[in-house]
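Engineer: Before I ask anything, here is the structure I am working with.
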Amino acid sequence: MANSFASRTLTALSDLQPNMADLKIIGIVIGKTDVKGFPDRKNIGSERYTFSFTIRDSPAHFINATSWGNEDYIKSLSDGFRVGDCVIIENPLIQRKDIEREEKFSPATPSNCKLLLSENHSTVKVCSSYEVDTKLLSLIHLPVKESRDYYSLGDIVANGHNLNGRIINVLAAVKSLLRRLRRESRLNLGGGGCREPRLHHCTPSWVGEPKYFTTSDRRKGQRCEVRLYDETESSFSMTCWDSESILLAQCWMPRETVIFASDVRISFDKFRNCMTATVISKTIITTNPVSTIVDVYTVEQLKVKALKNEGKADPFYGILYAYISALNIDDETTKVVRNRCSSCGYIVNEASNMCTTCNKNSLDFKSVFVSFEMLIDLTDHTGTLHSCSLTGSVAEETLGCTVNEFLAMTDEQKTALKWQFLLERSKVYLKFVVSHRARSGLKISVLSCKLADPTEASRNLSG
């Protein structure tokens, strides 16, 4: 664990046993449900509230946690953290789970236990992502199912009615978001946007005009339709009905973000005459699942592969063990931070600070948000890849600071930050897409960049 937790006694999820007491557990939140209310059988006329979440502390171990209580307590507890946050849970009750009953509606976990949180005894505290071991943070990009265990979108369409009602895994890229919020105060986030960003550092985008509906039991609802695509299918619909998955979807960038959605329900939409996917309470969505990328290359090999792929529209991916040889974050003449449109996500015009895609007339102004937009060079013993794109939350995770924290730095602090990465061997996950706008004809995007383990790097380079 990180040094800040060295003096604390933490219990690993792999060591949990029923009825253990006085525990302190740390993990990263990889899934979370909305708060729901149910009639209280013991107090007729009143309601009990509950929500669940899933935490992970290693590649092989994750567990579900549930809390029940009155409305104020449960909503306050739920609002305290999001998917991607690292949390410390103190004094949970450890119970043996009923696999058949509980995993019907909750994510399947390798643990035979579950955590129960009570208002009087348990606490959940959010940790700063910069205080926690990076190995824990990287788990957010690791699918909970075997990374090769998924259906292509083409297979789903081809199987049609045979998959109707089935729960399966999907790996695809985000094409667009057709978002229709139907909840007063926009997901109850106070003012219509994300809270202070943590691990995902997401900023609200693609926000539609609120349209409300009320269910038969007088509850507010909302809906978000995500269009997915892969090399087998150009457009496929996935629908989110809960605020937690919609909030997560706000962080996705069209044609840049890849998701691994485990346990989504597949159904046939009679109205549109097509197959669709739905996010349910069992679903865990992994954003940019770099663990699905396994092929290791040198710079020279990547350039050769790029030439072979010339003319092909499909992207390809690879892992590179290389040095960051250019990182101009302390150069005032270089643009490191740019404004993006909160509606479509594209970079806005610098002169007018308006989006030329969305703002067709001056009265329809869309707000903007700041985002890292930088180009870096990656070098190994065989050559250099120039102008690799390091942007958004990937840049923030790489540098270990948010955009606002970076903007508050002095020039000396920016230079010191740069030299933490220059000439240090990193393990870099890359995405390559044919682009006529790029000088080389190829757009290279960094999906993840972390300092490499020397032994691992040496083994792969020698191999």
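Simple scheme: letters A, B, ... for chains in structure tokens order, numbers from 1 for residues in each chain, numbers from 1 for ligands in the order shown.
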Once you count only C-alpha atoms, what closest atom pair and distance in Å to one decimal does each residue of segment 135-161 of chain A within 10 Å of segment 51-67 of chain A have, with rows by chain and rising residue number, as CSV?
Structural biologist:
residue,atom,partner,partner_atom,distance
A:Lys135,CA,A:Ser58,CA,8.2
A:Leu136,CA,A:Asp57,CA,6.2
A:Leu137,CA,A:Asp57,CA,9.2
A:Ser138,CA,A:Pro59,CA,9.5
A:Leu139,CA,A:Pro59,CA,6.6
A:Ile140,CA,A:Arg56,CA,8.6
A:Leu142,CA,A:Pro59,CA,7.3
A:Pro143,CA,A:Pro59,CA,8.9
A:Val144,CA,A:Pro59,CA,8.2
Engineer: Run DSSP on the backbone and give me the residues of segment 349-403 of chain A it puts in alpha helix (DSSP H), as a PyMOL selection string.
Structural biologist: chain A and resi 392-399+403
Engineer: Which residue out of A:Asp263, A:Glu100, A:Glu424, A:Glu310 has the minimum interatomic distance to Gly441 of chain A when only C-alpha atoms are used?
Structural biologist: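 Going through A:Asp263, A:Glu100, A:Glu424, A:Glu310 one by one, the smallest distance to Gly441 of chain A is for A:Glu310.
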Engineer: For Ser389 of chain A, please output as a list in words all residues within 7 Å (counting only C-alpha atoms; exclusion window: fewer than 2 positions along the same chain).
Structural biologist: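 Final neighbour list, sorted by chain and number: Met374, Leu375, Ile376, Ser387, Thr391, Ile444, Ser445 and Val446 of chain A.
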Engineer: Just give me the gap between atom CA of Val279 of chain A and atom CA of Thr239 of chain A in Å, one decimal is fine.
Structural biologist: 6.2 Å
Engineer: Residues within 12 Å of Glu256 of chain A, please, as a CSV table (one decimal) with all heavy atoms, in the first residue's frame. Count only C-alpha atoms; anything in the same chain fewer than 6 positions from it doesn't count.
Structural biologist:
chain,number,residue,atom,x,y,z
A,172,ALA,N,-16.5,-2.5,-26.8
A,172,ALA,CA,-16.7,-1.6,-27.9
A,172,ALA,C,-16.2,-0.2,-27.6
A,172,ALA,O,-15.9,0.2,-26.5
A,172,ALA,CB,-18.2,-1.6,-28.3
A,173,ALA,N,-16.2,0.6,-28.7
A,173,ALA,CA,-15.9,2.0,-28.5
A,173,ALA,C,-17.1,2.9,-28.5
A,173,ALA,O,-18.2,2.5,-29.1
A,173,ALA,CB,-15.0,2.5,-29.7
A,174,VAL,N,-17.0,4.0,-27.9
A,174,VAL,CA,-18.2,5.0,-27.8
A,174,VAL,C,-18.2,5.8,-29.1
A,174,VAL,O,-17.2,6.4,-29.4
A,174,VAL,CB,-18.0,5.9,-26.6
A,174,VAL,CG1,-19.2,6.9,-26.5
A,174,VAL,CG2,-18.0,5.1,-25.3
A,175,LYS,N,-19.4,5.8,-29.7
A,175,LYS,CA,-19.6,6.6,-30.9
A,175,LYS,C,-20.2,7.9,-30.6
A,175,LYS,O,-19.8,8.9,-31.1
A,175,LYS,CB,-20.4,5.8,-31.9
A,175,LYS,CG,-20.6,6.5,-33.3
A,175,LYS,CD,-21.4,5.6,-34.2
A,175,LYS,CE,-21.4,6.2,-35.6
A,175,LYS,NZ,-22.1,5.3,-36.6
A,176,SER,N,-21.3,7.9,-29.8
A,176,SER,CA,-22.0,9.1,-29.5
A,176,SER,C,-22.9,8.9,-28.3
A,176,SER,O,-23.1,7.7,-27.9
A,176,SER,CB,-22.8,9.7,-30.6
A,176,SER,OG,-23.8,8.7,-31.0
A,228,LEU,N,-22.6,2.7,-29.6
A,228,LEU,CA,-21.3,2.0,-29.6
A,228,LEU,C,-20.9,1.5,-31.0
A,228,LEU,O,-21.8,1.4,-31.8
A,228,LEU,CB,-21.3,0.8,-28.6
A,228,LEU,CG,-21.7,1.0,-27.2
A,228,LEU,CD1,-21.8,-0.3,-26.5
A,228,LEU,CD2,-20.8,1.9,-26.5
A,229,TYR,N,-19.7,1.2,-31.2
A,229,TYR,CA,-19.3,0.6,-32.5
A,229,TYR,C,-18.0,-0.2,-32.3
A,229,TYR,O,-17.2,0.0,-31.3
A,229,TYR,CB,-19.0,1.7,-33.6
A,229,TYR,CG,-17.8,2.5,-33.4
A,229,TYR,CD1,-16.6,2.3,-34.2
A,229,TYR,CD2,-17.7,3.6,-32.5
A,229,TYR,CE1,-15.5,3.0,-34.0
A,229,TYR,CE2,-16.6,4.3,-32.3
A,229,TYR,CZ,-15.4,4.0,-33.1
A,229,TYR,OH,-14.3,4.8,-32.9
A,230,ASP,N,-17.8,-1.1,-33.2
A,230,ASP,CA,-16.5,-1.8,-33.2
A,230,ASP,C,-16.2,-2.2,-34.7
A,230,ASP,O,-16.9,-1.6,-35.6
A,230,ASP,CB,-16.5,-3.1,-32.3
A,230,ASP,CG,-17.5,-4.1,-32.8
A,230,ASP,OD1,-18.1,-4.0,-33.9
A,230,ASP,OD2,-17.8,-5.1,-32.0
A,287,THR,N,-13.8,1.5,-18.1
A,287,THR,CA,-13.5,2.5,-19.1
A,287,THR,C,-12.0,2.4,-19.6
A,287,THR,O,-11.1,2.2,-18.7
A,287,THR,CB,-13.7,3.9,-18.6
A,287,THR,OG1,-15.1,4.0,-18.2
A,287,THR,CG2,-13.4,5.0,-19.7
A,288,ASN,N,-11.8,2.4,-20.9
A,288,ASN,CA,-10.5,2.2,-21.4
A,288,ASN,C,-9.7,1.0,-20.8
A,288,ASN,O,-8.7,1.2,-20.1
A,288,ASN,CB,-9.6,3.5,-21.3
A,288,ASN,CG,-10.2,4.6,-22.1
A,288,ASN,OD1,-10.7,4.4,-23.2
A,288,ASN,ND2,-10.0,5.8,-21.6
A,315,PRO,N,-8.7,1.0,-36.1
A,315,PRO,CA,-7.5,1.3,-35.3
A,315,PRO,C,-6.8,0.0,-34.9
A,315,PRO,O,-7.4,-1.1,-34.9
A,315,PRO,CB,-8.2,1.9,-34.0
A,315,PRO,CG,-9.5,1.4,-33.9
A,315,PRO,CD,-10.0,1.1,-35.4
A,345,GLY,N,-18.0,18.0,-26.8
A,345,GLY,CA,-16.7,17.5,-26.4
A,345,GLY,C,-15.5,17.9,-27.3
A,345,GLY,O,-14.4,17.6,-27.0
A,346,TYR,N,-15.8,18.6,-28.4
A,346,TYR,CA,-14.7,19.0,-29.3
A,346,TYR,C,-14.0,20.3,-28.8
A,346,TYR,O,-14.6,21.1,-28.1
A,346,TYR,CB,-15.3,19.2,-30.7
A,346,TYR,CG,-15.6,17.9,-31.4
A,346,TYR,CD1,-16.9,17.6,-31.6
A,346,TYR,CD2,-14.6,17.1,-31.9
A,346,TYR,CE1,-17.2,16.4,-32.3
A,346,TYR,CE2,-14.9,15.9,-32.6
A,346,TYR,CZ,-16.2,15.6,-32.7
A,346,TYR,OH,-16.5,14.4,-33.4
A,389,SER,N,-0.6,11.9,-28.8
A,389,SER,CA,-1.6,12.7,-28.1
A,389,SER,C,-1.8,12.2,-26.7
A,389,SER,O,-2.2,11.0,-26.5
A,389,SER,CB,-2.9,12.7,-28.9
A,389,SER,OG,-3.9,13.4,-28.2
A,390,LEU,N,-1.6,13.1,-25.7
A,390,LEU,CA,-1.8,12.8,-24.3
A,390,LEU,C,-2.8,13.8,-23.8
A,390,LEU,O,-2.5,14.9,-23.6
A,390,LEU,CB,-0.5,12.8,-23.5
A,390,LEU,CG,-0.6,12.5,-22.0
A,390,LEU,CD1,-1.1,11.1,-21.7
A,390,LEU,CD2,0.8,12.8,-21.3
A,391,THR,N,-4.1,13.3,-23.6
A,391,THR,CA,-5.1,14.3,-23.3
A,391,THR,C,-6.0,13.8,-22.1
A,391,THR,O,-5.9,12.7,-21.7
A,391,THR,CB,-6.0,14.4,-24.5
A,391,THR,OG1,-6.7,13.2,-24.8
A,391,THR,CG2,-5.3,14.8,-25.8
A,392,GLY,N,-6.9,14.8,-21.7
A,392,GLY,CA,-8.0,14.5,-20.8
A,392,GLY,C,-7.5,13.8,-19.5
A,392,GLY,O,-6.5,14.1,-18.9
A,393,SER,N,-8.4,12.8,-19.1
A,393,SER,CA,-8.1,12.1,-17.8
A,393,SER,C,-6.8,11.3,-17.8
A,393,SER,O,-6.2,11.0,-16.8
A,393,SER,CB,-9.3,11.2,-17.4
A,393,SER,OG,-9.6,10.3,-18.4
A,394,VAL,N,-6.5,10.8,-19.0
A,394,VAL,CA,-5.2,10.0,-19.2
A,394,VAL,C,-4.0,10.9,-18.8
A,394,VAL,O,-3.1,10.4,-18.1
A,394,VAL,CB,-5.1,9.4,-20.6
A,394,VAL,CG1,-3.8,8.7,-20.7
A,394,VAL,CG2,-6.2,8.5,-20.9
A,430,LEU,N,-0.9,2.3,-26.4
A,430,LEU,CA,-1.2,3.2,-27.5
A,430,LEU,C,-2.3,2.8,-28.4
A,430,LEU,O,-2.5,1.6,-28.6
A,430,LEU,CB,0.1,3.4,-28.3
A,430,LEU,CG,1.3,4.0,-27.6
A,430,LEU,CD1,2.6,3.9,-28.4
A,430,LEU,CD2,1.1,5.5,-27.3
A,431,LYS,N,-3.0,3.7,-29.0
A,431,LYS,CA,-4.0,3.5,-30.0
A,431,LYS,C,-3.6,4.2,-31.3
A,431,LYS,O,-3.2,5.4,-31.3
A,431,LYS,CB,-5.4,4.0,-29.5
A,431,LYS,CG,-6.5,3.9,-30.6
A,431,LYS,CD,-7.8,4.5,-30.0
A,431,LYS,CE,-8.9,4.5,-31.1
A,431,LYS,NZ,-10.1,5.1,-30.6
A,432,PHE,N,-3.7,3.5,-32.4
A,432,PHE,CA,-3.2,4.1,-33.7
A,432,PHE,C,-4.5,4.1,-34.7
A,432,PHE,O,-5.1,3.1,-34.9
A,432,PHE,CB,-2.1,3.2,-34.4
A,432,PHE,CG,-0.9,3.2,-33.5
A,432,PHE,CD1,-0.8,2.4,-32.4
A,432,PHE,CD2,0.2,4.0,-33.9
A,432,PHE,CE1,0.4,2.3,-31.7
A,432,PHE,CE2,1.4,4.0,-33.1
A,432,PHE,CZ,1.5,3.1,-32.0
A,433,VAL,N,-4.7,5.3,-35.2
A,433,VAL,CA,-5.8,5.5,-36.1
A,433,VAL,C,-5.4,6.3,-37.3
A,433,VAL,O,-4.7,7.3,-37.2
A,433,VAL,CB,-7.0,6.3,-35.5
A,433,VAL,CG1,-8.2,6.4,-36.4
A,433,VAL,CG2,-7.5,5.6,-34.2
A,443,LYS,N,-2.8,9.1,-36.4
A,443,LYS,CA,-3.0,9.7,-35.1
A,443,LYS,C,-2.7,8.7,-34.0
A,443,LYS,O,-3.3,7.6,-34.0
A,443,LYS,CB,-4.5,10.2,-34.9
A,443,LYS,CG,-4.7,10.8,-33.5
A,443,LYS,CD,-6.2,11.2,-33.3
A,443,LYS,CE,-6.4,11.8,-31.9
A,443,LYS,NZ,-7.8,12.2,-31.7
A,444,ILE,N,-1.8,9.1,-33.1
A,444,ILE,CA,-1.3,8.2,-32.1
A,444,ILE,C,-1.8,8.7,-30.7
A,444,ILE,O,-1.5,9.8,-30.3
A,444,ILE,CB,0.2,8.0,-32.0
A,444,ILE,CG1,0.7,7.7,-33.4
A,444,ILE,CG2,0.6,7.0,-31.0
A,444,ILE,CD1,2.3,7.7,-33.5
A,445,SER,N,-2.7,7.9,-30.0
A,445,SER,CA,-3.2,8.4,-28.7
A,445,SER,C,-2.7,7.5,-27.6
A,445,SER,O,-2.7,6.3,-27.7
A,445,SER,CB,-4.8,8.3,-28.8
A,445,SER,OG,-5.3,9.1,-29.8
A,446,VAL,N,-2.3,8.2,-26.5
A,446,VAL,CA,-1.9,7.5,-25.3
A,446,VAL,C,-3.1,7.1,-24.5
A,446,VAL,O,-3.9,8.0,-24.1
A,446,VAL,CB,-0.9,8.3,-24.5
A,446,VAL,CG1,-0.5,7.6,-23.2
A,446,VAL,CG2,0.3,8.7,-25.3
A,447,LEU,N,-3.3,5.8,-24.2
A,447,LEU,CA,-4.4,5.3,-23.4
A,447,LEU,C,-4.0,5.2,-22.0
A,447,LEU,O,-4.9,5.3,-21.1
A,447,LEU,CB,-4.9,4.0,-24.0
A,447,LEU,CG,-5.3,3.9,-25.4
A,447,LEU,CD1,-5.8,2.5,-25.8
A,447,LEU,CD2,-6.4,4.9,-25.7
Engineer: Could you tell me, as a PyMOL selection string, which residues of segment 2-103 of chain A DSSP assigns to strand (DSSP E) when given the backbone?
Structural biologist: chain A and resi 24-32+36-39+47-58+61-69+86-90+93-96
Engineer: So that I have them on file, write out the residues from the current selection with N, CA and C atoms, as a compact mmCIF listing (two decimals), in the first residue's frame.
Structural biologist:
# COMPACT_ATOMS: atom_id res chain seq x y z
N LYS A 24 -10.41 -2.61 8.79
CA LYS A 24 -10.19 -1.42 7.97
C LYS A 24 -9.77 -1.92 6.59
N ILE A 25 -10.54 -1.56 5.57
CA ILE A 25 -10.33 -2.08 4.22
C ILE A 25 -10.17 -0.91 3.26
N ILE A 26 -9.23 -1.02 2.33
CA ILE A 26 -9.08 0.00 1.30
C ILE A 26 -9.33 -0.64 -0.06
N GLY A 27 -9.98 0.09 -0.94
CA GLY A 27 -10.23 -0.42 -2.27
C GLY A 27 -10.69 0.68 -3.19
N ILE A 28 -10.71 0.39 -4.47
CA ILE A 28 -11.19 1.35 -5.46
C ILE A 28 -12.60 0.94 -5.87
N VAL A 29 -13.49 1.91 -5.95
CA VAL A 29 -14.89 1.64 -6.29
C VAL A 29 -15.00 1.41 -7.79
N ILE A 30 -15.45 0.20 -8.17
CA ILE A 30 -15.53 -0.13 -9.60
C ILE A 30 -16.98 -0.23 -10.08
N GLY A 31 -17.93 -0.18 -9.16
CA GLY A 31 -19.34 -0.23 -9.54
C GLY A 31 -20.19 0.33 -8.43
N LYS A 32 -21.39 0.85 -8.79
CA LYS A 32 -22.23 1.49 -7.77
C LYS A 32 -23.65 1.58 -8.30
N LYS A 36 -32.20 3.40 -3.57
CA LYS A 36 -33.58 2.98 -3.78
C LYS A 36 -34.29 2.91 -2.43
N GLY A 37 -35.60 3.19 -2.44
CA GLY A 37 -36.40 3.12 -1.23
C GLY A 37 -37.41 1.98 -1.30
N PHE A 38 -37.67 1.34 -0.17
CA PHE A 38 -38.62 0.25 -0.10
C PHE A 38 -39.51 0.45 1.13
N PRO A 39 -40.78 0.00 1.05
CA PRO A 39 -41.64 0.10 2.23
C PRO A 39 -41.04 -0.65 3.42
N GLU A 47 -40.36 4.32 4.81
CA GLU A 47 -39.50 3.61 3.86
C GLU A 47 -38.11 3.41 4.41
N ARG A 48 -37.48 2.31 3.99
CA ARG A 48 -36.05 2.09 4.22
C ARG A 48 -35.34 2.30 2.89
N TYR A 49 -34.12 2.77 2.98
CA TYR A 49 -33.35 3.06 1.76
C TYR A 49 -32.08 2.21 1.73
N THR A 50 -31.61 1.95 0.50
CA THR A 50 -30.41 1.12 0.34
C THR A 50 -29.68 1.47 -0.95
N PHE A 51 -28.42 1.16 -0.99
CA PHE A 51 -27.64 1.18 -2.23
C PHE A 51 -26.46 0.24 -2.04
N SER A 52 -25.85 -0.15 -3.15
CA SER A 52 -24.72 -1.08 -3.11
C SER A 52 -23.58 -0.55 -3.96
N PHE A 53 -22.38 -1.01 -3.66
CA PHE A 53 -21.23 -0.69 -4.49
C PHE A 53 -20.24 -1.84 -4.44
N THR A 54 -19.31 -1.83 -5.36
CA THR A 54 -18.31 -2.90 -5.47
C THR A 54 -16.93 -2.29 -5.38
N ILE A 55 -16.07 -2.83 -4.49
CA ILE A 55 -14.71 -2.33 -4.38
C ILE A 55 -13.71 -3.43 -4.74
N ARG A 56 -12.51 -3.00 -5.12
CA ARG A 56 -11.47 -3.93 -5.56
C ARG A 56 -10.14 -3.50 -4.97
N ASP A 57 -9.32 -4.47 -4.54
CA ASP A 57 -8.00 -4.11 -4.02
C ASP A 57 -6.86 -4.86 -4.70
N SER A 58 -7.20 -5.72 -5.67
CA SER A 58 -6.18 -6.45 -6.43
C SER A 58 -6.84 -6.99 -7.69
N HIS A 61 -9.32 -9.88 -6.68
CA HIS A 61 -10.26 -9.80 -5.56
C HIS A 61 -11.08 -8.50 -5.57
N PHE A 62 -12.40 -8.67 -5.58
CA PHE A 62 -13.33 -7.56 -5.42
C PHE A 62 -14.58 -8.10 -4.72
N ILE A 63 -15.34 -7.19 -4.08
CA ILE A 63 -16.41 -7.60 -3.20
C ILE A 63 -17.53 -6.56 -3.23
N ASN A 64 -18.76 -7.01 -2.99
CA ASN A 64 -19.90 -6.10 -2.94
C ASN A 64 -20.14 -5.61 -1.52
N ALA A 65 -20.57 -4.36 -1.41
CA ALA A 65 -20.92 -3.77 -0.11
C ALA A 65 -22.31 -3.16 -0.21
N THR A 66 -23.10 -3.32 0.84
CA THR A 66 -24.47 -2.81 0.86
C THR A 66 -24.73 -2.07 2.16
N SER A 67 -25.53 -1.02 2.07
CA SER A 67 -25.91 -0.29 3.28
C SER A 67 -27.41 -0.04 3.26
N TRP A 68 -28.05 -0.22 4.42
CA TRP A 68 -29.47 0.06 4.62
C TRP A 68 -29.61 1.12 5.71
N GLY A 69 -30.66 1.94 5.60
CA GLY A 69 -30.90 2.92 6.64
C GLY A 69 -31.97 3.92 6.26
N CYS A 86 -11.07 5.99 -4.50
CA CYS A 86 -10.48 5.05 -3.54
C CYS A 86 -11.08 5.35 -2.18
N VAL A 87 -11.55 4.32 -1.49
CA VAL A 87 -12.21 4.52 -0.21
C VAL A 87 -11.62 3.60 0.85
N ILE A 88 -11.67 4.07 2.10
CA ILE A 88 -11.34 3.24 3.26
C ILE A 88 -12.64 2.97 4.00
N ILE A 89 -12.95 1.71 4.19
CA ILE A 89 -14.15 1.30 4.93
C ILE A 89 -13.71 0.78 6.29
N GLU A 90 -14.29 1.34 7.33
CA GLU A 90 -13.97 0.89 8.69
C GLU A 90 -15.19 0.23 9.33
N LEU A 93 -19.61 -5.06 8.60
CA LEU A 93 -19.99 -6.40 9.03
C LEU A 93 -19.72 -7.36 7.88
N ILE A 94 -18.98 -8.44 8.14
CA ILE A 94 -18.64 -9.41 7.10
C ILE A 94 -19.62 -10.57 7.19
N GLN A 95 -20.38 -10.79 6.11
CA GLN A 95 -21.33 -11.89 6.08
C GLN A 95 -21.06 -12.80 4.88
N ARG A 96 -21.41 -14.08 5.06
CA ARG A 96 -21.33 -15.01 3.93
C ARG A 96 -22.49 -14.71 2.98
Engineer: If you count only C-alpha atoms, which residues fall within 10 Å of Cys274 of chain A, apart from same-chain ones fewer than 2 positions away, as a list in words?
Structural biologist: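 Result of the neighbour search: Val157, Gly160, His161, Phe236, Ser237, Ser267, Phe268, Asp269, Lys270, Phe271, Arg272 and Thr276 of chain A.
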Engineer: Report, in Å with one decimal, the straight-line distance from atom CA of Thr123 of chain A to atom CA of Ala21 of chain A.
Structural biologist: 13.6 Å
Engineer: Tell me which of A:Val434, A:Ala408, A:Val132, A:Ala249 sits closest to Lys305 of chain A, counting only C-alpha atoms.
Structural biologist: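 Result for the nearest residue to Lys305 of chain A: A:Val434.
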Engineer: Give me, as a PyMOL selection string, all polymer residues having an atom no more than 7 Å from segment 319-334 of chain A, counting only C-alpha atoms and skipping those fewer than 4 positions away in the same chain.
Structural biologist: chain A and resi 294-298+376-380+411+414-415+418+421-430+457
